[in-house]
Each structure stands twice: as C-alpha cells, then as structure tokens.
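What follows is the content of target_12.txt (compact mmCIF, C-alpha atoms).
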# COMPACT_ATOMS: atom_id res chain seq x y z
CA MET X 1 26.23 22.17 8.90
CA ARG X 2 22.99 20.29 9.59
CA LYS X 3 21.48 21.47 6.29
CA ILE X 4 24.37 19.91 4.38
CA LEU X 5 23.91 16.52 6.10
CA THR X 6 20.11 16.25 5.87
CA PRO X 7 19.84 15.25 2.17
CA PHE X 8 22.21 12.31 2.69
CA CYS X 9 19.64 10.30 4.65
CA CYS X 10 16.82 8.80 2.60
CA VAL X 11 14.51 7.14 5.13
CA HIS X 12 12.60 5.18 2.49
CA SER X 13 15.71 3.50 1.08
CA LEU X 14 16.67 -0.01 2.24
CA ASP X 15 20.28 1.18 2.26
CA CYS X 16 19.58 3.99 4.72
CA GLN X 17 21.46 3.75 7.95
CA VAL X 18 19.23 5.78 10.27
CA ARG X 19 21.17 5.21 13.48
CA PRO X 20 24.52 6.66 12.29
CA PHE X 21 22.68 9.65 10.84
CA VAL X 22 20.81 10.29 14.10
CA LEU X 23 24.02 9.84 16.09
CA TRP X 24 25.84 12.25 13.81
CA ASN X 25 23.05 14.84 14.23
CA ALA X 26 23.20 14.36 18.02
CA TYR X 27 26.96 14.82 17.92
CA ILE X 28 26.63 18.04 15.89
CA SER X 29 23.89 19.31 18.23
CA ALA X 30 26.05 18.55 21.25
CA ILE X 31 29.01 20.40 19.73
CA GLU X 32 26.76 23.38 18.93
CA THR X 33 25.38 23.32 22.50
CA ILE X 34 28.85 23.16 24.00
CA ALA X 35 30.07 25.96 21.73
CA ALA X 36 27.07 28.12 22.67
CA THR X 37 27.59 27.79 26.43
CA PRO X 38 29.42 30.72 28.00
CA ARG X 39 33.11 30.09 28.55
CA ASN X 40 34.34 29.74 32.07
CA ASP X 41 37.98 29.12 32.82
CA ALA X 42 37.01 26.51 35.41
CA LEU X 43 34.85 24.65 32.84
CA THR X 44 37.21 23.05 30.39
CA ALA X 45 36.42 21.07 27.26
CA LEU X 46 37.34 17.89 29.14
CA SER X 47 34.60 18.46 31.71
CA ARG X 48 32.06 18.94 28.88
CA MET X 49 32.66 15.42 27.47
CA PRO X 50 30.16 13.64 29.79
CA LEU X 51 27.42 15.87 28.36
CA LEU X 52 28.40 14.81 24.84
CA PHE X 53 28.32 11.11 25.74
CA LEU X 54 24.97 11.51 27.51
CA LEU X 55 23.44 13.15 24.44
CA LEU X 56 24.83 10.42 22.16
CA ALA X 57 23.42 7.68 24.40
CA ILE X 58 19.98 9.31 24.37
CA ALA X 59 20.08 9.65 20.58
CA ALA X 60 21.07 5.99 20.17
CA GLY X 61 18.12 4.91 22.31
CA LEU X 62 15.69 7.02 20.28
CA ALA X 63 16.90 5.61 16.94
CA GLY X 64 16.17 1.97 17.86
CA PRO X 65 12.33 2.02 17.75
CA ALA X 66 12.27 3.96 14.47
CA ARG X 67 14.62 1.43 12.87
CA ALA X 68 12.51 -1.49 14.15
CA GLN X 69 9.31 0.03 12.72
CA SER X 70 11.09 0.65 9.43
CA ALA X 71 12.29 -2.98 9.26
CA VAL X 72 8.76 -4.28 9.90
CA ALA X 73 7.32 -2.03 7.18
CA ASP X 74 10.07 -3.07 4.75
CA GLY X 75 9.43 -6.73 5.60
CA GLN X 76 5.71 -6.40 4.93
CA LYS X 77 6.42 -4.69 1.63
CA LEU X 78 8.77 -7.52 0.61
CA ALA X 79 6.38 -10.25 1.76
CA PHE X 80 3.51 -8.73 -0.23
CA ASP X 81 5.64 -7.91 -3.29
CA ARG X 82 4.71 -10.37 -6.06
CA GLY X 83 8.11 -9.94 -7.69
CA LYS X 84 10.35 -10.38 -4.65
CA GLY X 85 9.25 -12.25 -1.50
CA ASN X 86 5.98 -13.34 -3.04
CA CYS X 87 4.76 -14.93 0.23
CA LEU X 88 1.11 -14.35 -0.71
CA THR X 89 1.38 -16.81 -3.58
CA CYS X 90 1.33 -19.69 -1.10
CA HIS X 91 0.31 -18.24 2.28
CA VAL X 92 -2.63 -16.41 3.80
CA ILE X 93 -1.31 -13.30 5.55
CA LYS X 94 -3.51 -10.78 7.35
CA GLY X 95 -3.78 -7.67 5.19
CA GLY X 96 -2.69 -9.41 1.98
CA ASP X 97 -4.73 -9.58 -1.23
CA LEU X 98 -5.42 -12.78 -3.18
CA PRO X 99 -3.49 -15.21 -0.96
CA GLY X 100 -2.66 -18.79 -1.90
CA THR X 101 -3.44 -21.90 0.10
CA ILE X 102 -0.47 -24.16 -0.65
CA GLY X 103 1.41 -23.18 2.52
CA PRO X 104 0.13 -22.71 6.06
CA GLU X 105 -1.55 -19.49 7.14
CA LEU X 106 1.05 -17.16 8.60
CA LYS X 107 -0.34 -16.15 11.99
CA ASP X 108 0.89 -16.38 15.59
CA ILE X 109 4.41 -16.73 14.19
CA LYS X 110 6.20 -15.52 17.31
CA SER X 111 4.55 -18.22 19.43
CA LYS X 112 5.20 -20.95 16.83
CA TYR X 113 8.82 -19.91 16.29
CA PRO X 114 10.13 -18.17 19.42
CA ASP X 115 13.68 -18.59 18.13
CA ARG X 116 14.14 -15.95 15.45
CA ASN X 117 17.03 -17.87 13.90
CA GLU X 118 14.79 -20.86 13.18
CA LEU X 119 12.46 -18.66 11.13
CA VAL X 120 15.42 -17.11 9.29
CA ALA X 121 16.69 -20.62 8.45
CA ILE X 122 13.26 -21.65 7.14
CA ILE X 123 13.09 -18.70 4.76
CA PHE X 124 16.74 -19.03 3.77
CA ASP X 125 16.46 -22.72 2.85
CA GLU X 126 13.51 -24.81 4.10
CA THR X 127 14.79 -27.83 2.14
CA LYS X 128 17.42 -28.43 4.84
CA ARG X 129 14.64 -29.04 7.38
CA ASN X 130 12.08 -30.54 5.03
CA PRO X 131 13.44 -31.91 1.73
CA GLN X 132 9.87 -32.41 0.40
CA THR X 133 8.86 -28.75 0.84
CA MET X 134 7.34 -26.69 -1.94
CA MET X 135 8.87 -23.51 -0.48
CA PRO X 136 11.72 -22.13 -2.56
CA PRO X 137 15.08 -21.61 -0.82
CA PHE X 138 14.98 -17.80 -0.96
CA GLY X 139 18.44 -17.28 0.52
CA ARG X 140 20.27 -20.19 -1.09
CA ASN X 141 18.99 -19.21 -4.54
CA SER X 142 19.74 -15.51 -3.92
CA ILE X 143 16.10 -14.53 -4.38
CA LEU X 144 16.33 -12.53 -1.17
CA THR X 145 19.38 -11.06 0.57
CA GLU X 146 20.08 -11.73 4.25
CA GLN X 147 18.94 -8.18 5.02
CA GLU X 148 15.65 -8.76 3.18
CA ILE X 149 15.08 -12.08 4.94
CA SER X 150 15.72 -10.37 8.27
CA ALA X 151 13.16 -7.67 7.44
CA ILE X 152 10.57 -10.30 6.46
CA VAL X 153 11.21 -12.15 9.74
CA ASP X 154 10.72 -8.87 11.63
CA PHE X 155 7.36 -8.49 9.88
CA LEU X 156 6.30 -12.12 10.40
CA GLN X 157 7.00 -11.89 14.12
CA THR X 158 4.34 -9.15 14.38
CA LEU X 159 1.62 -11.46 13.02
How would this structure read if it were set down as structure tokens?
Amino acid sequence: MRKILTPFCCVHSLDCQVRPFVLWNAYISAIETIAATPRNDALTALSRMPLLFLLLAIAAGLAGPARAQSAVADGQKLAFDRGKGNCLTCHVIKGGDLPGTIGPELKDIKSKYPDRNELVAIIFDETKRNPQTMMPPFGRNSILTEQEISAIVDFLQTL
C-alpha cells in the first residue's frame, strides 16, 4: 500500500501537503504494526487505539520542521526570482546577485518586525501604510498569492 501512495507526494511542488502525507504514512505504518502483533483475546482492537494516536502525534511533530524548512526555501526562491517576487530589484539581500538600492537592505527583519502580520501587510500592500512608497502592492495586484507572501515572510524572518 505504501508504494501506491509514495508517488502522490511531490516535495518540490508548492502544492504539496507534506503533513497529511506523513500522517497518512504513519497511520498505515500503525495499522501494519497492529496487524503484525500477535493476537491475544485479552488485547482487543480498542486497547490498541492509544498506540495509533501516539504514533500519529509523533508523526505530526516530525512533519513540522520539514515543512518550515521547505517554506523558507520556497520563500527565498520567490524573493530571488526576477519574474515573481523580484525583491532583489530594489533590496540588498544576503546571498542575492545584482541587488538594487531603491529599498532598504533586508537584514535583521525579525527584530525590526517582530509581528509577522505587519510584514505580511507590508508585502501585501505597503501603500496602505505609506502612500508614497515605490514598493508594488504584491498581494492587492495579485502578483503574489497569500501562500507565496507567507513563504517570503518565512524567508525574510531568517535574515
């Protein structure tokens, strides 16, 4: 059964939902483990359920860091992409090639913007905060989706 499910998850796709896939694999593994244990009349299927929930909880905890790393990598890719986020046109970003100097250097972002939502709002539509800004309203003009903006914010918070 696991061989049938494996091709459905494409880790490099933005549409990939890693956590449900990992949880499903943990569920299948738990079922296989339960089925492989010797049967005892005193041990019923109902008493095996805590084991299943424990395995699912462990799998959910393991999927979180991988998803976070993936979001940061996707955010960096979008920020450096000249056709999508295009942040390097105006900003200096560590690791970026041929940065612009119109906007401020993007460093120490987490200390400057401890509230993640403020940074999301800036990228979505900075003109609400600063009508004289040169920064395009990436979200309002549908240049970036909310998911893409969130990934870029995840990346910027690592700078």
- Task: Select, from X:Asn117, X:Thr101, X:Lys77, X:Arg82, the residue with the minimum atom-to-atom distance to X:Ser150, counting all atoms listed in the file.
- Result: X:Asn117
- Which residues come within 12 Å of X:Pro114, counting only C-alpha atoms, excluding same-chain residues fewer than 3 positions away, as a PyMOL selection string? chain X and resi 108-111+117-120+153+156-158
- Task: One decimal, Å: what's the distance from atom CA of X:Ile102 over to atom CA of X:Gly139, could you say?
- Result: 20.2 Å
- Which residues, written as a list of chain:residue names, have at least one atom at most 7 Å from X:Gly75, with all atoms listed in the file counted and residues fewer than 2 positions away on the same chain left out? X:Ala71, X:Val72, X:Ala73, X:Lys77, X:Leu78, X:Ala79, X:Glu148, X:Ala151, X:Ile152, X:Asp154, X:Phe155
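Shortest separation to X:Glu146 among X:Ser70, X:Lys94, X:Pro99, X:Ala121 occurs at residue X:Ala121, atoms counted being all atoms listed in the file.
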- Message: Using all atoms listed in the file, which protein or nucleic acid residues come within 12 Å of X:Asn86? Drop anything in the same chain fewer than 6 positions from it, and give the result as a PyMOL selection string.
- Response: chain X and resi 75-80+92-93+96-100+123+135-136+138+143-144+152
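If you look at atom CA of X:Met134 and atom CA of X:Cys90, they are 9.3 Å away from each other.
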- d(atom CA of X:Ile149, atom CA of X:Phe124) in Å: 7.2 Å
